[in-house]
Amino acid sequence: MTDAQLLTNQILIGSDFLDRGSAGTDQHWNPATATVNGEITLGGRPEIDAAVAAAKAALPVWEALGPIERRDRLSRLAAIIESWGEDFRALSAAETGMPQQGFIWRLKLSVEWIRQYVGYADKVGGDLTGSSDDGQLEYVRYEPYGVVGIIITWNSPLLSLAMKVPAALAAGNTVVIKPSELTPYTPLLFGRACLEAGIPPGVVNVVPGGADAGEQVVIHPDVEKISFTGGAVTAAKMMQAGAPFIKPFCMELGGKSAYIVFPDADLKMAATLAAKELSNAGQSCKFGSRIFVHDDVRADYMAAFTEACRSVVVGDPEDMATNMGPLITRGAQDRVLGMIEQAQSGNYGRLALGGGKPKLDGALSQGYFVEPTIFEDVDPLSPLAQDEIFGPVYSVIGFTDEATAIAQINNTKFGLSGYVHTRDLRRALRVVAQVKSGTVYVNDANRRHPWSPFGGFKQSGFGDEGGRAGLDEFLRKKTVGIA
Ligand code: NAD
């Protein structure tokens with residue numbers, strides 16, 4: 001497709017592509033150049049109502065196809081998304097500013113995630129929980145919820161959709177996707193790919209819009225479950241709005257993930273992996289923004305880490321050499337620079353690298369970039385070490401005592417990911433057991449496979465994406481007893 005075709009935003013309801021929605025229009029900005037990508041149309045209550053009605057009407061159609069046909073159409077979806085990879089890449093660069101390097105592995109992971117649920121579509125199964133010799137029988141049917149609301153944020157829309165929609169469809173549900181107004185283009189292309197794959201119209205509907213549209217999805221009585229990726233404050237509002245309906249949720253929320261680097265660690269590897277996480281400019285839920293380093297190796301680690309961050313190429317998302325692109329909006333850039341300023345004026349730590357806007361030429365000079373930034377000697381209770389910054393800002397904190405460091409690591413409201421760097425297996429296993437987070441990686445950082453559950457502890461959310469647990473999120477259990 002041409003850029004102009006790709007950057008055309010519409011609302012997908014059933015098989016209809018609507019040019020106008022009831023919530024008006026907005027301009028969409030390219031984060032790397034601060035230029036307008038185009039005018040986007042936003043949906044509101046009428047479009048959400050129509051999309052839910054289409055999804056409800058499509059339920060018996062999707063059910064009637066049966067597991068084998070549903071599996072085959074999801075399989076086609078994976079192949080189409082893979083073959084449209086260049087279009088998704090170009091869109092991702094234009095709408096989120098994600099560089100090619102960061103996008104390519106996310107595309108591969110997205111396709112793998114869809115294929116994971118291709119495999120589950122004909123293995124939903126059930127349980128036999130009791131049978132007695134006198135002929136009594138109890139069994140459990142796994143049934144889809146029905147219409148599921150998929151509400152996602154902007155930081156990695158293709159991966160977010162791949163982690164939710166195929167699992168929901170494999171379980172037999174139909175979906176209404178409410179993407180962020182900041183990333184309307186990728187979800188629409190995803191919707192087109194679903195139709196192209198032979199997934200019947202109405203099974204997947206896409207209504208970009210703002211918070212009001214999201215709330216309409218939550219309170220719609222025919223939407224039987226919500227799967228959400230976004231911030232904890234929004235999640236709390238959604239749970240309040242959904243409370244009168246006793247609406248069930250899967251919540252994939254933010255984090256303040258921590259590295260712990262012991263004296264016997266491979267320091268260079270630990271430093272390189274931490275810096276590599278800048279591929280989405282720190283706008284990743286599992287970004288390891290707190291780095292606890294043993295005092296015996298702190299100087300060496302800081303030398304390696306500063307060097308690794310300094311060599312990160314910040315710039316044009318279209319350039320294959322670029323490691324890190326811009327933040328999503330001017331507002332996000334201002335917010336992150338404000339937090340850096342506040343950290344300096346409040347003495348939360350000592351600025352060791354970055355802290356400002358990088359100097360970029362030409363079209364990029366107005367983009368929403370922030371330099372890779374490191375603070376050292378950070379107070380672990382300060383806002384710098386407690387709040388999710390969602391930008392390329394690290395807090396390095398020294399420690400001498402393992403137990404104190406673990407207590408500090410766990411002393412946040414979040415619990416998404418942890419990273420343990422040591423060559424001592426016994427210590428690794430001991431620390432893994434104590435870190436309160438949904439995933440812990442040992443001597444690793446970016447491992448993420450679709451066969452393992454991904455989810456948070458505490459205010460990082462509840463519910464899982466990935467593996468059988470990710471399928472079960474979209475299934476209800478019905479116990480049947482036969483006397
Ligand atoms: P957000 O929470 O403001 O918005 C996310 C979505 O919710 C958008 O589509 C938005 O329109 C919608 N929304 C906003 N208010 C709503 C309401 N009252 N009712 C219904 N819908 C509403 O997004 P954000 O905070 O900018 O997103 C970033 C957050 O997402 C970060 O905290 C990040 O860590 C988290 N995140 C988590 C994961 C994960 O898998 N755990 C992945 C990516 C991002």
# chains A, B, ... in the order shown; residues from 1 in each chain; ligands from 1
>>> closest_atom_pairs(of="range 89-119 of chain A", to="range 37-44 of chain A", cutoff="12 Å", atoms="only C-alpha atoms", output="JSON lines")
{"residue": "A:Leu91", "atom": "CA", "partner": "A:Asn37", "partner_atom": "CA", "distance": 10.3}
{"residue": "A:Ala93", "atom": "CA", "partner": "A:Asn37", "partner_atom": "CA", "distance": 11.3}
{"residue": "A:Ala94", "atom": "CA", "partner": "A:Asn37", "partner_atom": "CA", "distance": 7.5}
{"residue": "A:Glu95", "atom": "CA", "partner": "A:Asn37", "partner_atom": "CA", "distance": 7.9}
{"residue": "A:Thr96", "atom": "CA", "partner": "A:Asn37", "partner_atom": "CA", "distance": 11.2}
{"residue": "A:Gly97", "atom": "CA", "partner": "A:Asn37", "partner_atom": "CA", "distance": 11.9}
>>> residues_around(residues="Gly355 in chain A", least_positions_apart="6", cutoff="9 Å", atoms="only C-alpha atoms", output="PyMOL selection string")
chain A and resi 337+340-341+370-375+393
>>> closest_residue(among="A:Leu360, A:Val111, A:Leu169, A:Ala213", to="ligand 1", atoms="only C-alpha atoms and all ligand atoms")
A:Ala213
>>> select_by_dssp(residues="range 308-417 of chain A", states="strand (DSSP E or B)", output="list in words")
Val314, Met324, Arg350, Leu351, Ala352, Leu353, Thr373, Ile374, Phe375, Glu376, Val393, Tyr394, Ser395, Val396, Ile397, Gly398, Phe399 and Ser417 of chain A
>>> write_last_selection(atoms="N, CA, C and O atoms", output="PDB file, in the first residue's frame")
ATOM      1  N   VAL A 314      20.243   7.634  18.418  1.00  0.00           N
ATOM      2  CA  VAL A 314      18.902   8.216  18.535  1.00  0.00           C
ATOM      3  C   VAL A 314      18.610   8.961  17.240  1.00  0.00           C
ATOM      4  O   VAL A 314      19.430   9.748  16.777  1.00  0.00           O
ATOM      5  N   MET A 324      17.040   4.064  18.815  1.00  0.00           N
ATOM      6  CA  MET A 324      15.974   4.648  19.639  1.00  0.00           C
ATOM      7  C   MET A 324      15.321   5.822  18.921  1.00  0.00           C
ATOM      8  O   MET A 324      16.020   6.681  18.379  1.00  0.00           O
ATOM      9  N   ARG A 350      21.919  11.783  41.137  1.00  0.00           N
ATOM     10  CA  ARG A 350      22.918  12.614  40.430  1.00  0.00           C
ATOM     11  C   ARG A 350      22.860  12.267  38.944  1.00  0.00           C
ATOM     12  O   ARG A 350      22.952  11.091  38.567  1.00  0.00           O
ATOM     13  N   LEU A 351      22.663  13.288  38.115  1.00  0.00           N
ATOM     14  CA  LEU A 351      22.569  13.049  36.673  1.00  0.00           C
ATOM     15  C   LEU A 351      23.924  12.602  36.137  1.00  0.00           C
ATOM     16  O   LEU A 351      24.920  13.321  36.269  1.00  0.00           O
ATOM     17  N   ALA A 352      23.963  11.396  35.554  1.00  0.00           N
ATOM     18  CA  ALA A 352      25.235  10.866  35.057  1.00  0.00           C
ATOM     19  C   ALA A 352      25.305  10.883  33.535  1.00  0.00           C
ATOM     20  O   ALA A 352      26.386  10.813  32.949  1.00  0.00           O
ATOM     21  N   LEU A 353      24.163  10.943  32.876  1.00  0.00           N
ATOM     22  CA  LEU A 353      24.156  10.977  31.403  1.00  0.00           C
ATOM     23  C   LEU A 353      22.842  11.583  30.924  1.00  0.00           C
ATOM     24  O   LEU A 353      21.787  11.337  31.509  1.00  0.00           O
ATOM     25  N   THR A 373      18.966   8.743  29.457  1.00  0.00           N
ATOM     26  CA  THR A 373      19.305   9.501  30.671  1.00  0.00           C
ATOM     27  C   THR A 373      19.542   8.540  31.836  1.00  0.00           C
ATOM     28  O   THR A 373      18.742   7.626  32.068  1.00  0.00           O
ATOM     29  N   ILE A 374      20.659   8.760  32.548  1.00  0.00           N
ATOM     30  CA  ILE A 374      20.965   7.914  33.713  1.00  0.00           C
ATOM     31  C   ILE A 374      21.135   8.801  34.943  1.00  0.00           C
ATOM     32  O   ILE A 374      21.900   9.770  34.907  1.00  0.00           O
ATOM     33  N   PHE A 375      20.440   8.447  36.004  1.00  0.00           N
ATOM     34  CA  PHE A 375      20.706   9.046  37.311  1.00  0.00           C
ATOM     35  C   PHE A 375      21.389   7.994  38.175  1.00  0.00           C
ATOM     36  O   PHE A 375      21.008   6.820  38.157  1.00  0.00           O
ATOM     37  N   GLU A 376      22.395   8.442  38.939  1.00  0.00           N
ATOM     38  CA  GLU A 376      23.092   7.528  39.842  1.00  0.00           C
ATOM     39  C   GLU A 376      22.794   7.942  41.292  1.00  0.00           C
ATOM     40  O   GLU A 376      22.327   9.056  41.536  1.00  0.00           O
ATOM     41  N   VAL A 393      14.687   6.864  30.912  1.00  0.00           N
ATOM     42  CA  VAL A 393      15.342   7.372  32.123  1.00  0.00           C
ATOM     43  C   VAL A 393      15.577   6.220  33.111  1.00  0.00           C
ATOM     44  O   VAL A 393      14.627   5.539  33.511  1.00  0.00           O
ATOM     45  N   TYR A 394      16.845   6.045  33.485  1.00  0.00           N
ATOM     46  CA  TYR A 394      17.211   4.969  34.424  1.00  0.00           C
ATOM     47  C   TYR A 394      17.614   5.558  35.778  1.00  0.00           C
ATOM     48  O   TYR A 394      18.240   6.614  35.841  1.00  0.00           O
ATOM     49  N   SER A 395      17.315   4.802  36.834  1.00  0.00           N
ATOM     50  CA  SER A 395      17.813   5.136  38.173  1.00  0.00           C
ATOM     51  C   SER A 395      18.764   4.037  38.607  1.00  0.00           C
ATOM     52  O   SER A 395      18.350   2.873  38.722  1.00  0.00           O
ATOM     53  N   VAL A 396      20.023   4.371  38.862  1.00  0.00           N
ATOM     54  CA  VAL A 396      20.972   3.379  39.371  1.00  0.00           C
ATOM     55  C   VAL A 396      21.087   3.573  40.885  1.00  0.00           C
ATOM     56  O   VAL A 396      21.243   4.699  41.379  1.00  0.00           O
ATOM     57  N   ILE A 397      20.971   2.455  41.597  1.00  0.00           N
ATOM     58  CA  ILE A 397      20.951   2.488  43.058  1.00  0.00           C
ATOM     59  C   ILE A 397      21.970   1.449  43.564  1.00  0.00           C
ATOM     60  O   ILE A 397      21.913   0.288  43.141  1.00  0.00           O
ATOM     61  N   GLY A 398      22.878   1.864  44.428  1.00  0.00           N
ATOM     62  CA  GLY A 398      23.881   0.926  44.942  1.00  0.00           C
ATOM     63  C   GLY A 398      23.328   0.087  46.091  1.00  0.00           C
ATOM     64  O   GLY A 398      22.362   0.473  46.739  1.00  0.00           O
ATOM     65  N   PHE A 399      23.942  -1.094  46.288  1.00  0.00           N
ATOM     66  CA  PHE A 399      23.571  -1.884  47.479  1.00  0.00           C
ATOM     67  C   PHE A 399      24.775  -2.705  47.925  1.00  0.00           C
ATOM     68  O   PHE A 399      25.714  -2.941  47.150  1.00  0.00           O
ATOM     69  N   SER A 417       8.182  -6.912  35.933  1.00  0.00           N
ATOM     70  CA  SER A 417       9.330  -7.749  35.556  1.00  0.00           C
ATOM     71  C   SER A 417      10.505  -7.494  36.491  1.00  0.00           C
ATOM     72  O   SER A 417      10.650  -6.402  37.042  1.00  0.00           O
TER      73      SER A 417
END
>>> residues_around(residues="Val442 in chain A", least_positions_apart="2", cutoff="7 Å", atoms="only C-alpha atoms", output="list in words")
Tyr419, Val420, His421, Ala428, Val440 and Asp444 of chain A
>>> write_last_selection(atoms="N, CA and C atoms", output="mmCIF file, in the first residue's frame")
data_model
loop_
_atom_site.group_PDB
_atom_site.id
_atom_site.type_symbol
_atom_site.label_atom_id
_atom_site.label_comp_id
_atom_site.auth_asym_id
_atom_site.auth_seq_id
_atom_site.Cartn_x
_atom_site.Cartn_y
_atom_site.Cartn_z
ATOM 1 N N TYR A 419 14.928 -8.526 36.802
ATOM 2 C CA TYR A 419 16.088 -8.996 36.049
ATOM 3 C C TYR A 419 17.220 -9.267 37.035
ATOM 4 N N VAL A 420 17.671 -10.508 37.096
ATOM 5 C CA VAL A 420 18.689 -10.889 38.071
ATOM 6 C C VAL A 420 19.965 -11.234 37.317
ATOM 7 N N HIS A 421 21.069 -10.576 37.672
ATOM 8 C CA HIS A 421 22.335 -10.862 36.996
ATOM 9 C C HIS A 421 23.361 -11.396 37.986
ATOM 10 N N ALA A 428 20.700 -16.981 42.323
ATOM 11 C CA ALA A 428 19.687 -16.600 41.338
ATOM 12 C C ALA A 428 18.316 -17.155 41.729
ATOM 13 N N VAL A 440 10.440 -12.937 35.864
ATOM 14 C CA VAL A 440 11.812 -12.645 36.307
ATOM 15 C C VAL A 440 12.749 -13.300 35.296
ATOM 16 N N ASP A 444 19.313 -12.190 31.531
ATOM 17 C CA ASP A 444 18.569 -12.025 30.284
ATOM 18 C C ASP A 444 17.702 -10.778 30.437
#
>>> residues_around(residues="Leu128 in chain A", least_positions_apart="4", cutoff="9 Å", atoms="only C-alpha atoms", output="count of residues only")
5
>>> select_by_dssp(residues="range 114-361 of chain A", states="alpha helix (DSSP H)", output="ChimeraX atom specification")
/A:114-121,157-170,185-196,211-219,232-242,267-276,298-310,330-345
>>> atom_distance(atom1="CA of Arg310 in chain A", atom2="CA of Tyr368 in chain A")
18.7 Å
>>> residues_near_ligand(ligand="ligand 1", cutoff="8 Å", atoms="only C-alpha atoms and all ligand atoms", output="PDB file with C-alpha atoms, in the first residue's frame")
ATOM      1  CA  ILE A 151      -8.929  -1.772  24.859  1.00  0.00           C
ATOM      2  CA  ILE A 152      -5.275  -1.049  24.179  1.00  0.00           C
ATOM      3  CA  THR A 153      -2.743   1.709  24.534  1.00  0.00           C
ATOM      4  CA  TRP A 154      -0.377   3.098  21.913  1.00  0.00           C
ATOM      5  CA  ASN A 155       3.119   1.864  22.742  1.00  0.00           C
ATOM      6  CA  SER A 156       3.115  -1.294  20.633  1.00  0.00           C
ATOM      7  CA  SER A 160      -0.818  -5.766  22.016  1.00  0.00           C
ATOM      8  CA  LYS A 178     -10.920   0.193  20.921  1.00  0.00           C
ATOM      9  CA  PRO A 179      -7.398   1.362  20.073  1.00  0.00           C
ATOM     10  CA  SER A 180      -5.814   4.514  21.414  1.00  0.00           C
ATOM     11  CA  GLU A 181      -6.499   7.631  19.376  1.00  0.00           C
ATOM     12  CA  PRO A 208     -10.561   4.127  17.350  1.00  0.00           C
ATOM     13  CA  GLY A 209     -11.550   6.752  19.870  1.00  0.00           C
ATOM     14  CA  GLY A 210     -10.798   8.398  23.161  1.00  0.00           C
ATOM     15  CA  ALA A 211     -11.601   7.605  26.778  1.00  0.00           C
ATOM     16  CA  ASP A 212     -15.365   8.042  26.220  1.00  0.00           C
ATOM     17  CA  ALA A 213     -15.393   5.354  23.536  1.00  0.00           C
ATOM     18  CA  GLY A 214     -13.413   3.087  25.875  1.00  0.00           C
ATOM     19  CA  GLU A 215     -15.906   3.664  28.665  1.00  0.00           C
ATOM     20  CA  GLN A 216     -18.787   2.812  26.319  1.00  0.00           C
ATOM     21  CA  VAL A 217     -17.136  -0.550  25.653  1.00  0.00           C
ATOM     22  CA  VAL A 218     -16.766  -1.160  29.397  1.00  0.00           C
ATOM     23  CA  PHE A 228      -7.063  -4.039  28.711  1.00  0.00           C
ATOM     24  CA  THR A 229      -3.480  -2.894  28.198  1.00  0.00           C
ATOM     25  CA  GLY A 230      -2.678   0.551  29.568  1.00  0.00           C
ATOM     26  CA  GLY A 231      -2.122   2.526  32.736  1.00  0.00           C
ATOM     27  CA  ALA A 232      -3.234   1.704  36.295  1.00  0.00           C
ATOM     28  CA  VAL A 233      -5.161   4.969  36.731  1.00  0.00           C
ATOM     29  CA  THR A 234      -7.263   4.172  33.661  1.00  0.00           C
ATOM     30  CA  ALA A 235      -7.682   0.577  34.850  1.00  0.00           C
ATOM     31  CA  LYS A 237     -11.604   4.045  36.364  1.00  0.00           C
ATOM     32  CA  MET A 238     -12.629   1.161  34.142  1.00  0.00           C
ATOM     33  CA  ALA A 241     -17.390   1.986  35.568  1.00  0.00           C
ATOM     34  CA  MET A 251      -5.520  -5.946  33.223  1.00  0.00           C
ATOM     35  CA  GLU A 252      -2.048  -5.604  31.712  1.00  0.00           C
ATOM     36  CA  LEU A 253      -0.665  -2.451  33.314  1.00  0.00           C
ATOM     37  CA  GLY A 254       2.521  -0.514  33.980  1.00  0.00           C
ATOM     38  CA  GLY A 255       5.703  -1.234  35.865  1.00  0.00           C
ATOM     39  CA  GLN A 283       7.969   3.365  26.575  1.00  0.00           C
ATOM     40  CA  SER A 284       7.728  -0.305  27.331  1.00  0.00           C
ATOM     41  CA  CYS A 285       5.763  -1.725  30.255  1.00  0.00           C
ATOM     42  CA  LYS A 286       8.613  -4.037  31.290  1.00  0.00           C
ATOM     43  CA  GLU A 388       6.645   4.984  36.000  1.00  0.00           C
ATOM     44  CA  PHE A 390       7.617   5.829  30.460  1.00  0.00           C
ATOM     45  CA  LEU A 416       5.772  -6.529  36.299  1.00  0.00           C
ATOM     46  CA  PHE A 454       2.887 -12.673  30.823  1.00  0.00           C
ATOM     47  CA  GLY A 455       1.165 -10.600  33.492  1.00  0.00           C
ATOM     48  CA  GLY A 456       1.722  -8.456  36.540  1.00  0.00           C
ATOM     49  CA  SER A 460       0.900  -4.070  37.304  1.00  0.00           C
ATOM     50  CA  GLY A 461      -2.398  -5.850  36.839  1.00  0.00           C
TER      51      GLY A 461
END
>>> decode(residues="range 46-73 of chain A", atoms="N, CA and C atoms", output="PDB file, in the first residue's frame")
ATOM      1  N   PRO A  46     -22.361   5.748  19.375  1.00  0.00           N
ATOM      2  CA  PRO A  46     -23.093   5.071  18.295  1.00  0.00           C
ATOM      3  C   PRO A  46     -22.247   4.001  17.593  1.00  0.00           C
ATOM      4  N   GLU A  47     -20.970   4.310  17.382  1.00  0.00           N
ATOM      5  CA  GLU A  47     -20.112   3.337  16.678  1.00  0.00           C
ATOM      6  C   GLU A  47     -19.803   2.136  17.575  1.00  0.00           C
ATOM      7  N   ILE A  48     -19.606   2.402  18.874  1.00  0.00           N
ATOM      8  CA  ILE A  48     -19.378   1.268  19.796  1.00  0.00           C
ATOM      9  C   ILE A  48     -20.619   0.385  19.832  1.00  0.00           C
ATOM     10  N   ASP A  49     -21.802   1.013  19.913  1.00  0.00           N
ATOM     11  CA  ASP A  49     -23.046   0.216  19.926  1.00  0.00           C
ATOM     12  C   ASP A  49     -23.158  -0.620  18.650  1.00  0.00           C
ATOM     13  N   ALA A  50     -22.850  -0.002  17.515  1.00  0.00           N
ATOM     14  CA  ALA A  50     -22.969  -0.729  16.236  1.00  0.00           C
ATOM     15  C   ALA A  50     -21.933  -1.854  16.168  1.00  0.00           C
ATOM     16  N   ALA A  51     -20.731  -1.582  16.681  1.00  0.00           N
ATOM     17  CA  ALA A  51     -19.672  -2.606  16.639  1.00  0.00           C
ATOM     18  C   ALA A  51     -20.031  -3.784  17.553  1.00  0.00           C
ATOM     19  N   VAL A  52     -20.595  -3.471  18.718  1.00  0.00           N
ATOM     20  CA  VAL A  52     -20.989  -4.561  19.641  1.00  0.00           C
ATOM     21  C   VAL A  52     -22.112  -5.375  18.999  1.00  0.00           C
ATOM     22  N   ALA A  53     -23.057  -4.687  18.349  1.00  0.00           N
ATOM     23  CA  ALA A  53     -24.156  -5.415  17.688  1.00  0.00           C
ATOM     24  C   ALA A  53     -23.595  -6.321  16.582  1.00  0.00           C
ATOM     25  N   ALA A  54     -22.614  -5.803  15.824  1.00  0.00           N
ATOM     26  CA  ALA A  54     -22.006  -6.618  14.754  1.00  0.00           C
ATOM     27  C   ALA A  54     -21.278  -7.818  15.351  1.00  0.00           C
ATOM     28  N   ALA A  55     -20.576  -7.582  16.458  1.00  0.00           N
ATOM     29  CA  ALA A  55     -19.828  -8.682  17.100  1.00  0.00           C
ATOM     30  C   ALA A  55     -20.788  -9.729  17.662  1.00  0.00           C
ATOM     31  N   LYS A  56     -21.910  -9.254  18.183  1.00  0.00           N
ATOM     32  CA  LYS A  56     -22.895 -10.190  18.748  1.00  0.00           C
ATOM     33  C   LYS A  56     -23.522 -11.023  17.624  1.00  0.00           C
ATOM     34  N   ALA A  57     -23.833 -10.354  16.524  1.00  0.00           N
ATOM     35  CA  ALA A  57     -24.448 -11.069  15.391  1.00  0.00           C
ATOM     36  C   ALA A  57     -23.471 -12.080  14.782  1.00  0.00           C
ATOM     37  N   ALA A  58     -22.173 -11.785  14.899  1.00  0.00           N
ATOM     38  CA  ALA A  58     -21.166 -12.677  14.295  1.00  0.00           C
ATOM     39  C   ALA A  58     -20.861 -13.893  15.168  1.00  0.00           C
ATOM     40  N   LEU A  59     -21.311 -13.870  16.419  1.00  0.00           N
ATOM     41  CA  LEU A  59     -20.968 -14.991  17.321  1.00  0.00           C
ATOM     42  C   LEU A  59     -21.403 -16.355  16.787  1.00  0.00           C
ATOM     43  N   PRO A  60     -22.687 -16.502  16.362  1.00  0.00           N
ATOM     44  CA  PRO A  60     -23.084 -17.828  15.862  1.00  0.00           C
ATOM     45  C   PRO A  60     -22.357 -18.207  14.572  1.00  0.00           C
ATOM     46  N   VAL A  61     -21.987 -17.201  13.779  1.00  0.00           N
ATOM     47  CA  VAL A  61     -21.263 -17.479  12.526  1.00  0.00           C
ATOM     48  C   VAL A  61     -19.876 -18.045  12.853  1.00  0.00           C
ATOM     49  N   TRP A  62     -19.227 -17.401  13.803  1.00  0.00           N
ATOM     50  CA  TRP A  62     -17.873 -17.830  14.208  1.00  0.00           C
ATOM     51  C   TRP A  62     -17.945 -19.208  14.869  1.00  0.00           C
ATOM     52  N   GLU A  63     -18.982 -19.400  15.664  1.00  0.00           N
ATOM     53  CA  GLU A  63     -19.135 -20.691  16.333  1.00  0.00           C
ATOM     54  C   GLU A  63     -19.368 -21.794  15.303  1.00  0.00           C
ATOM     55  N   ALA A  64     -20.230 -21.483  14.315  1.00  0.00           N
ATOM     56  CA  ALA A  64     -20.615 -22.513  13.334  1.00  0.00           C
ATOM     57  C   ALA A  64     -19.415 -22.967  12.484  1.00  0.00           C
ATOM     58  N   LEU A  65     -18.426 -22.112  12.368  1.00  0.00           N
ATOM     59  CA  LEU A  65     -17.252 -22.521  11.566  1.00  0.00           C
ATOM     60  C   LEU A  65     -16.543 -23.722  12.199  1.00  0.00           C
ATOM     61  N   GLY A  66     -16.608 -23.800  13.528  1.00  0.00           N
ATOM     62  CA  GLY A  66     -15.974 -24.928  14.215  1.00  0.00           C
ATOM     63  C   GLY A  66     -14.486 -24.730  14.394  1.00  0.00           C
ATOM     64  N   PRO A  67     -13.901 -25.534  15.284  1.00  0.00           N
ATOM     65  CA  PRO A  67     -12.499 -25.314  15.671  1.00  0.00           C
ATOM     66  C   PRO A  67     -11.502 -25.440  14.521  1.00  0.00           C
ATOM     67  N   ILE A  68     -11.730 -26.358  13.611  1.00  0.00           N
ATOM     68  CA  ILE A  68     -10.724 -26.577  12.558  1.00  0.00           C
ATOM     69  C   ILE A  68     -10.686 -25.393  11.600  1.00  0.00           C
ATOM     70  N   GLU A  69     -11.873 -24.931  11.213  1.00  0.00           N
ATOM     71  CA  GLU A  69     -11.921 -23.791  10.293  1.00  0.00           C
ATOM     72  C   GLU A  69     -11.436 -22.513  10.995  1.00  0.00           C
ATOM     73  N   ARG A  70     -11.781 -22.362  12.281  1.00  0.00           N
ATOM     74  CA  ARG A  70     -11.295 -21.180  13.011  1.00  0.00           C
ATOM     75  C   ARG A  70      -9.761 -21.212  13.078  1.00  0.00           C
ATOM     76  N   ARG A  71      -9.229 -22.405  13.328  1.00  0.00           N
ATOM     77  CA  ARG A  71      -7.768 -22.562  13.362  1.00  0.00           C
ATOM     78  C   ARG A  71      -7.156 -22.154  12.021  1.00  0.00           C
ATOM     79  N   ASP A  72      -7.749 -22.622  10.921  1.00  0.00           N
ATOM     80  CA  ASP A  72      -7.159 -22.354   9.611  1.00  0.00           C
ATOM     81  C   ASP A  72      -7.210 -20.866   9.267  1.00  0.00           C
ATOM     82  N   ARG A  73      -8.290 -20.211   9.678  1.00  0.00           N
ATOM     83  CA  ARG A  73      -8.376 -18.769   9.360  1.00  0.00           C
ATOM     84  C   ARG A  73      -7.396 -17.968  10.224  1.00  0.00           C
TER      85      ARG A  73
END
